[in-house]
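Quick look at query11.pdb (PDB, C-alpha atoms, pLDDT in the B column):
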ATOM      1  CA  MET A   1       0.000   0.000   0.000  1.00 60.00           C
ATOM      2  CA  LYS A   2       1.308   3.433  -0.868  1.00 72.00           C
ATOM      3  CA  PRO A   3       2.168   5.887   1.939  1.00 74.00           C
ATOM      4  CA  LYS A   4      -0.458   8.312   0.617  1.00 73.00           C
ATOM      5  CA  HIS A   5      -3.181   5.665   0.998  1.00 73.00           C
ATOM      6  CA  ILE A   6      -1.998   4.752   4.494  1.00 76.00           C
ATOM      7  CA  PHE A   7      -2.052   8.401   5.548  1.00 69.00           C
ATOM      8  CA  THR A   8      -5.543   8.918   4.084  1.00 77.00           C
ATOM      9  CA  THR A   9      -6.860   5.789   5.794  1.00 77.00           C
ATOM     10  CA  LEU A  10      -5.347   6.876   9.104  1.00 71.00           C
ATOM     11  CA  LEU A  11      -6.937  10.332   8.872  1.00 68.00           C
ATOM     12  CA  LEU A  12     -10.309   8.825   8.012  1.00 70.00           C
ATOM     13  CA  GLY A  13     -10.050   6.497  11.018  1.00 69.00           C
ATOM     14  CA  ILE A  14      -9.201   9.358  13.380  1.00 72.00           C
ATOM     15  CA  PHE A  15     -12.132  11.386  12.062  1.00 64.00           C
ATOM     16  CA  CYS A  16     -14.565   8.496  12.547  1.00 62.00           C
ATOM     17  CA  LEU A  17     -13.282   7.829  16.063  1.00 61.00           C
ATOM     18  CA  SER A  18     -13.631  11.467  17.112  1.00 60.00           C
ATOM     19  CA  PHE A  19     -17.155  11.635  15.678  1.00 53.00           C
ATOM     20  CA  SER A  20     -18.280   8.526  17.552  1.00 49.00           C
ATOM     21  CA  THR A  21     -16.731   9.796  20.806  1.00 47.00           C
ATOM     22  CA  GLN A  22     -18.638  13.082  20.613  1.00 50.00           C
ATOM     23  CA  SER A  23     -21.983  11.327  20.315  1.00 45.00           C
ATOM     24  CA  PHE A  24     -21.265   9.012  23.263  1.00 46.00           C
ATOM     25  CA  ALA A  25     -23.706  10.614  25.684  1.00 48.00           C
ATOM     26  CA  GLN A  26     -26.620  10.353  23.267  1.00 52.00           C
ATOM     27  CA  THR A  27     -26.129   6.706  22.253  1.00 55.00           C
ATOM     28  CA  ARG A  28     -25.104   5.023  25.509  1.00 65.00           C
ATOM     29  CA  THR A  29     -27.373   2.272  26.822  1.00 80.00           C
ATOM     30  CA  LEU A  30     -27.751   2.589  30.549  1.00 84.00           C
ATOM     31  CA  LYS A  31     -27.178  -0.456  32.712  1.00 88.00           C
ATOM     32  CA  LYS A  32     -29.390  -1.288  35.671  1.00 90.00           C
ATOM     33  CA  GLY A  33     -28.862   1.215  38.479  1.00 91.00           C
ATOM     34  CA  GLU A  34     -27.222   3.813  36.237  1.00 94.00           C
ATOM     35  CA  ALA A  35     -28.558   7.280  35.513  1.00 94.00           C
ATOM     36  CA  GLU A  36     -27.238  10.248  33.584  1.00 94.00           C
ATOM     37  CA  VAL A  37     -27.690  13.973  33.799  1.00 96.00           C
ATOM     38  CA  THR A  38     -26.477  17.004  31.877  1.00 96.00           C
ATOM     39  CA  PHE A  39     -25.874  20.272  33.696  1.00 96.00           C
ATOM     40  CA  SER A  40     -25.371  23.789  32.377  1.00 96.00           C
ATOM     41  CA  VAL A  41     -22.374  25.175  34.252  1.00 96.00           C
ATOM     42  CA  ASP A  42     -20.841  28.650  34.198  1.00 95.00           C
ATOM     43  CA  ILE A  43     -17.354  27.598  33.107  1.00 93.00           C
ATOM     44  CA  ASP A  44     -15.397  30.260  31.261  1.00 92.00           C
ATOM     45  CA  CYS A  45     -11.880  28.897  30.878  1.00 93.00           C
ATOM     46  CA  ALA A  46      -9.795  25.761  30.562  1.00 93.00           C
ATOM     47  CA  SER A  47      -8.811  26.070  34.227  1.00 94.00           C
ATOM     48  CA  CYS A  48     -12.465  25.800  35.285  1.00 93.00           C
ATOM     49  CA  GLN A  49     -12.868  22.768  33.035  1.00 95.00           C
ATOM     50  CA  LYS A  50      -9.785  21.049  34.492  1.00 95.00           C
ATOM     51  CA  LYS A  51     -10.940  21.771  38.030  1.00 95.00           C
ATOM     52  CA  ILE A  52     -14.260  20.006  37.421  1.00 96.00           C
ATOM     53  CA  GLU A  53     -12.593  17.164  35.498  1.00 95.00           C
ATOM     54  CA  SER A  54     -10.122  16.562  38.315  1.00 95.00           C
ATOM     55  CA  LYS A  55     -12.489  16.759  41.309  1.00 95.00           C
ATOM     56  CA  LEU A  56     -15.899  15.481  40.182  1.00 95.00           C
ATOM     57  CA  PRO A  57     -14.822  11.884  39.407  1.00 94.00           C
ATOM     58  CA  PHE A  58     -14.053  11.456  43.126  1.00 94.00           C
ATOM     59  CA  GLU A  59     -17.647  12.145  44.123  1.00 95.00           C
ATOM     60  CA  LYS A  60     -19.386   9.006  45.350  1.00 95.00           C
ATOM     61  CA  GLY A  61     -21.227   7.164  42.560  1.00 96.00           C
ATOM     62  CA  VAL A  62     -19.755   8.995  39.541  1.00 97.00           C
ATOM     63  CA  LYS A  63     -18.906   6.435  36.849  1.00 96.00           C
ATOM     64  CA  ASP A  64     -18.131   8.675  33.861  1.00 95.00           C
ATOM     65  CA  MET A  65     -18.305  12.308  32.892  1.00 96.00           C
ATOM     66  CA  LYS A  66     -17.576  14.735  30.093  1.00 96.00           C
ATOM     67  CA  VAL A  67     -17.026  18.479  30.398  1.00 96.00           C
ATOM     68  CA  SER A  68     -17.582  20.737  27.389  1.00 95.00           C
ATOM     69  CA  LEU A  69     -16.133  24.222  27.708  1.00 94.00           C
ATOM     70  CA  GLU A  70     -17.656  25.252  24.371  1.00 95.00           C
ATOM     71  CA  LYS A  71     -21.196  24.204  25.348  1.00 95.00           C
ATOM     72  CA  LYS A  72     -20.678  25.023  29.045  1.00 95.00           C
ATOM     73  CA  GLU A  73     -22.045  21.582  29.908  1.00 96.00           C
ATOM     74  CA  VAL A  74     -21.157  18.742  32.219  1.00 96.00           C
ATOM     75  CA  TRP A  75     -22.564  15.286  31.415  1.00 96.00           C
ATOM     76  CA  ILE A  76     -22.402  12.726  34.232  1.00 96.00           C
ATOM     77  CA  LEU A  77     -23.109   9.004  34.313  1.00 96.00           C
ATOM     78  CA  TYR A  78     -23.673   7.896  37.897  1.00 96.00           C
ATOM     79  CA  GLN A  79     -24.913   5.069  40.093  1.00 96.00           C
ATOM     80  CA  ALA A  80     -28.407   6.087  41.214  1.00 95.00           C
ATOM     81  CA  ASP A  81     -28.164   4.075  44.427  1.00 95.00           C
ATOM     82  CA  ARG A  82     -25.010   5.947  45.540  1.00 95.00           C
ATOM     83  CA  THR A  83     -25.790   9.561  44.588  1.00 96.00           C
ATOM     84  CA  ASP A  84     -28.383  11.767  42.918  1.00 95.00           C
ATOM     85  CA  LYS A  85     -28.655  14.920  40.812  1.00 95.00           C
ATOM     86  CA  THR A  86     -28.904  17.206  43.838  1.00 95.00           C
ATOM     87  CA  LYS A  87     -25.688  15.889  45.401  1.00 96.00           C
ATOM     88  CA  LEU A  88     -23.873  16.230  42.086  1.00 97.00           C
ATOM     89  CA  MET A  89     -25.125  19.805  41.665  1.00 96.00           C
ATOM     90  CA  ASP A  90     -23.974  20.609  45.203  1.00 96.00           C
ATOM     91  CA  ALA A  91     -20.513  19.221  44.431  1.00 96.00           C
ATOM     92  CA  ILE A  92     -20.198  21.520  41.410  1.00 96.00           C
ATOM     93  CA  LYS A  93     -21.487  24.490  43.436  1.00 96.00           C
ATOM     94  CA  LYS A  94     -18.822  23.808  46.091  1.00 96.00           C
ATOM     95  CA  MET A  95     -16.233  24.285  43.342  1.00 95.00           C
ATOM     96  CA  GLY A  96     -17.581  27.822  42.884  1.00 94.00           C
ATOM     97  CA  HIS A  97     -19.753  27.409  39.792  1.00 95.00           C
ATOM     98  CA  GLU A  98     -23.398  28.178  39.122  1.00 96.00           C
ATOM     99  CA  VAL A  99     -25.151  25.047  37.891  1.00 96.00           C
ATOM    100  CA  SER A 100     -28.591  24.062  36.604  1.00 95.00           C
ATOM    101  CA  GLU A 101     -29.959  20.891  35.084  1.00 94.00           C
ATOM    102  CA  LYS A 102     -30.446  20.937  31.337  1.00 89.00           C
ATOM    103  CA  SER A 103     -33.776  19.695  30.154  1.00 73.00           C
ATOM    104  CA  SER A 104     -33.433  16.631  27.963  1.00 58.00           C
ATOM    105  CA  THR A 105     -34.495  16.810  24.324  1.00 47.00           C
ATOM    106  CA  ILE A 106     -36.166  13.803  22.802  1.00 39.00           C
TER     107      ILE A 106
END
Mind turning the file's structure into structure tokens?
Amino acid sequence: MKPKHIFTTLLLGIFCLSFSTQSFAQTRTLKKGEAEVTFSVDIDCASCQKKIESKLPFEKGVKDMKVSLEKKEVWILYQADRTDKTKLMDAIKKMGHEVSEKSSTI
């Protein structure tokens, strides 16, 4: 295979992987006992994003999360028997950020 074809195939693969990663929150099938929530958070800089990314995973029950600085959103997958939306909101507020739950669109 020619180097040009290898490079093109590699770029196409990276593009497909990044596209599928971005749509993760919308396509995930929840397991028993799992819940998810998306919050609107007043994050303005990369430092705010890193702060949330570094501290929130240590909250009880958090299984996965994604922080979007561009959308000012935090998506959290959590164990419903170990925590709830209110506790997660309180954890973000303790970090100094205003937070509200985003309504889901179907």
Who sits within 9 Å of region 27-36 of chain A, all atoms listed in the file, same chain under 4 positions skipped, as a list in words
Ser23, Lys63, Trp75, Ile76, Leu77, Tyr78, Gln79, Ala80, Asp81, Asp84 and Lys85 of chain A
Set up a box along x, y and z of the file covering all listed atoms of region 77-82 of chain A, add 8 Å on every one of the six sides, and write the centre and edge lengths in Å to one decimal, as JSON.
{"center_x": -25.8, "center_y": 6.5, "center_z": 39.9, "size_x": 21.3, "size_y": 20.9, "size_z": 27.2}
CA of Gln49 (chain A) and CA of Val67 (chain A) are how many Å apart?
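Computed distance, CA of Gln49 (chain A) to CA of Val67 (chain A), equals 6.5 Å.
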Could you check how far CA of Val62 (chain A) sits from CA of Thr38 (chain A), in Å to one decimal?
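Computed distance, CA of Val62 (chain A) to CA of Thr38 (chain A), equals 13.0 Å.
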To one decimal in Å, tell me the separation between CA of Lys55 (chain A) and CA of Leu69 (chain A).
15.9 Å
Need to verify the contact set: Val41 (chain A), 8 Å, all atoms listed in the file, exclusion of same-chain residues closer than 4 positions in sequence. Can you return it as a PDB file with C-alpha atoms, in the frame of the given file?
ATOM      1  CA  LYS A  72     -20.678  25.023  29.045  1.00 95.00           C
ATOM      2  CA  GLU A  73     -22.045  21.582  29.908  1.00 96.00           C
ATOM      3  CA  VAL A  74     -21.157  18.742  32.219  1.00 96.00           C
ATOM      4  CA  HIS A  97     -19.753  27.409  39.792  1.00 95.00           C
ATOM      5  CA  GLU A  98     -23.398  28.178  39.122  1.00 96.00           C
ATOM      6  CA  VAL A  99     -25.151  25.047  37.891  1.00 96.00           C
ATOM      7  CA  SER A 100     -28.591  24.062  36.604  1.00 95.00           C
TER       8      SER A 100
END
Spatial neighbours of Leu56 (chain A), 10 Å, all atoms listed in the file, chain gap at least 4 places, as a count of residues only
11
Just checking: using only C-alpha atoms, which residue out of A:Met89, A:Pro57, A:Cys48, A:Asp42 ends up closest to Lys71 (chain A)?
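Using only C-alpha atoms, Lys71 (chain A) sits closest to A:Asp42.
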Reconstruct region 29-63 of chain A at the level of N, CA and C atoms, and format the result as a tab-separated table (two decimals), keeping the file's coordinate frame.
chain	number	residue	atom	x	y	z
A	29	THR	N	-26.30	3.04	26.19
A	29	THR	CA	-27.37	2.27	26.82
A	29	THR	C	-27.06	2.15	28.30
A	30	LEU	N	-27.98	2.61	29.11
A	30	LEU	CA	-27.75	2.59	30.55
A	30	LEU	C	-27.93	1.18	31.10
A	31	LYS	N	-27.06	0.82	32.02
A	31	LYS	CA	-27.18	-0.46	32.71
A	31	LYS	C	-28.09	-0.27	33.92
A	32	LYS	N	-28.52	-1.35	34.51
A	32	LYS	CA	-29.39	-1.29	35.67
A	32	LYS	C	-28.69	-0.52	36.80
A	33	GLY	N	-29.40	0.43	37.38
A	33	GLY	CA	-28.86	1.22	38.48
A	33	GLY	C	-28.10	2.45	38.05
A	34	GLU	N	-27.93	2.64	36.74
A	34	GLU	CA	-27.22	3.81	36.24
A	34	GLU	C	-28.22	4.91	35.85
A	35	ALA	N	-27.78	6.13	35.97
A	35	ALA	CA	-28.56	7.28	35.51
A	35	ALA	C	-27.58	8.29	34.93
A	36	GLU	N	-28.09	9.22	34.15
A	36	GLU	CA	-27.24	10.25	33.58
A	36	GLU	C	-27.95	11.58	33.69
A	37	VAL	N	-27.15	12.63	33.72
A	37	VAL	CA	-27.69	13.97	33.80
A	37	VAL	C	-26.73	14.91	33.08
A	38	THR	N	-27.29	15.96	32.50
A	38	THR	CA	-26.48	17.00	31.88
A	38	THR	C	-26.79	18.32	32.57
A	39	PHE	N	-25.74	19.00	33.02
A	39	PHE	CA	-25.87	20.27	33.70
A	39	PHE	C	-25.32	21.39	32.83
A	40	SER	N	-25.94	22.56	32.92
A	40	SER	CA	-25.37	23.79	32.38
A	40	SER	C	-24.55	24.39	33.50
A	41	VAL	N	-23.29	24.68	33.22
A	41	VAL	CA	-22.37	25.18	34.25
A	41	VAL	C	-21.67	26.42	33.73
A	42	ASP	N	-21.47	27.40	34.61
A	42	ASP	CA	-20.84	28.65	34.20
A	42	ASP	C	-19.31	28.54	34.17
A	43	ILE	N	-18.80	27.73	33.26
A	43	ILE	CA	-17.35	27.60	33.11
A	43	ILE	C	-16.90	28.51	31.97
A	44	ASP	N	-15.84	29.26	32.23
A	44	ASP	CA	-15.40	30.26	31.26
A	44	ASP	C	-14.00	30.01	30.70
A	45	CYS	N	-13.27	29.08	31.31
A	45	CYS	CA	-11.88	28.90	30.88
A	45	CYS	C	-11.46	27.44	31.04
A	46	ALA	N	-10.32	27.13	30.48
A	46	ALA	CA	-9.80	25.76	30.56
A	46	ALA	C	-9.47	25.37	32.00
A	47	SER	N	-9.11	26.34	32.82
A	47	SER	CA	-8.81	26.07	34.23
A	47	SER	C	-10.06	25.59	34.97
A	48	CYS	N	-11.19	26.23	34.69
A	48	CYS	CA	-12.46	25.80	35.28
A	48	CYS	C	-12.80	24.37	34.85
A	49	GLN	N	-12.60	24.10	33.58
A	49	GLN	CA	-12.87	22.77	33.03
A	49	GLN	C	-12.00	21.72	33.73
A	50	LYS	N	-10.71	22.00	33.86
A	50	LYS	CA	-9.78	21.05	34.49
A	50	LYS	C	-10.13	20.83	35.96
A	51	LYS	N	-10.56	21.88	36.62
A	51	LYS	CA	-10.94	21.77	38.03
A	51	LYS	C	-12.10	20.78	38.19
A	52	ILE	N	-13.11	20.91	37.35
A	52	ILE	CA	-14.26	20.01	37.42
A	52	ILE	C	-13.84	18.60	37.03
A	53	GLU	N	-13.04	18.48	35.96
A	53	GLU	CA	-12.59	17.16	35.50
A	53	GLU	C	-11.73	16.44	36.53
A	54	SER	N	-11.01	17.20	37.35
A	54	SER	CA	-10.12	16.56	38.32
A	54	SER	C	-10.82	16.23	39.63
A	55	LYS	N	-11.85	16.97	40.00
A	55	LYS	CA	-12.49	16.76	41.31
A	55	LYS	C	-13.78	15.94	41.25
A	56	LEU	N	-14.59	16.13	40.24
A	56	LEU	CA	-15.90	15.48	40.18
A	56	LEU	C	-15.84	13.95	40.11
A	57	PRO	N	-14.86	13.35	39.44
A	57	PRO	CA	-14.82	11.88	39.41
A	57	PRO	C	-14.67	11.24	40.79
A	58	PHE	N	-14.22	12.01	41.78
A	58	PHE	CA	-14.05	11.46	43.13
A	58	PHE	C	-15.32	11.54	43.96
A	59	GLU	N	-16.37	12.13	43.42
A	59	GLU	CA	-17.65	12.14	44.12
A	59	GLU	C	-18.22	10.73	44.11
A	60	LYS	N	-18.82	10.35	45.20
A	60	LYS	CA	-19.39	9.01	45.35
A	60	LYS	C	-20.41	8.73	44.24
A	61	GLY	N	-20.26	7.61	43.56
A	61	GLY	CA	-21.23	7.16	42.56
A	61	GLY	C	-20.96	7.60	41.14
A	62	VAL	N	-20.04	8.52	40.91
A	62	VAL	CA	-19.76	8.99	39.54
A	62	VAL	C	-18.99	7.91	38.79
A	63	LYS	N	-19.53	7.48	37.65
A	63	LYS	CA	-18.91	6.44	36.85
A	63	LYS	C	-18.17	7.00	35.64
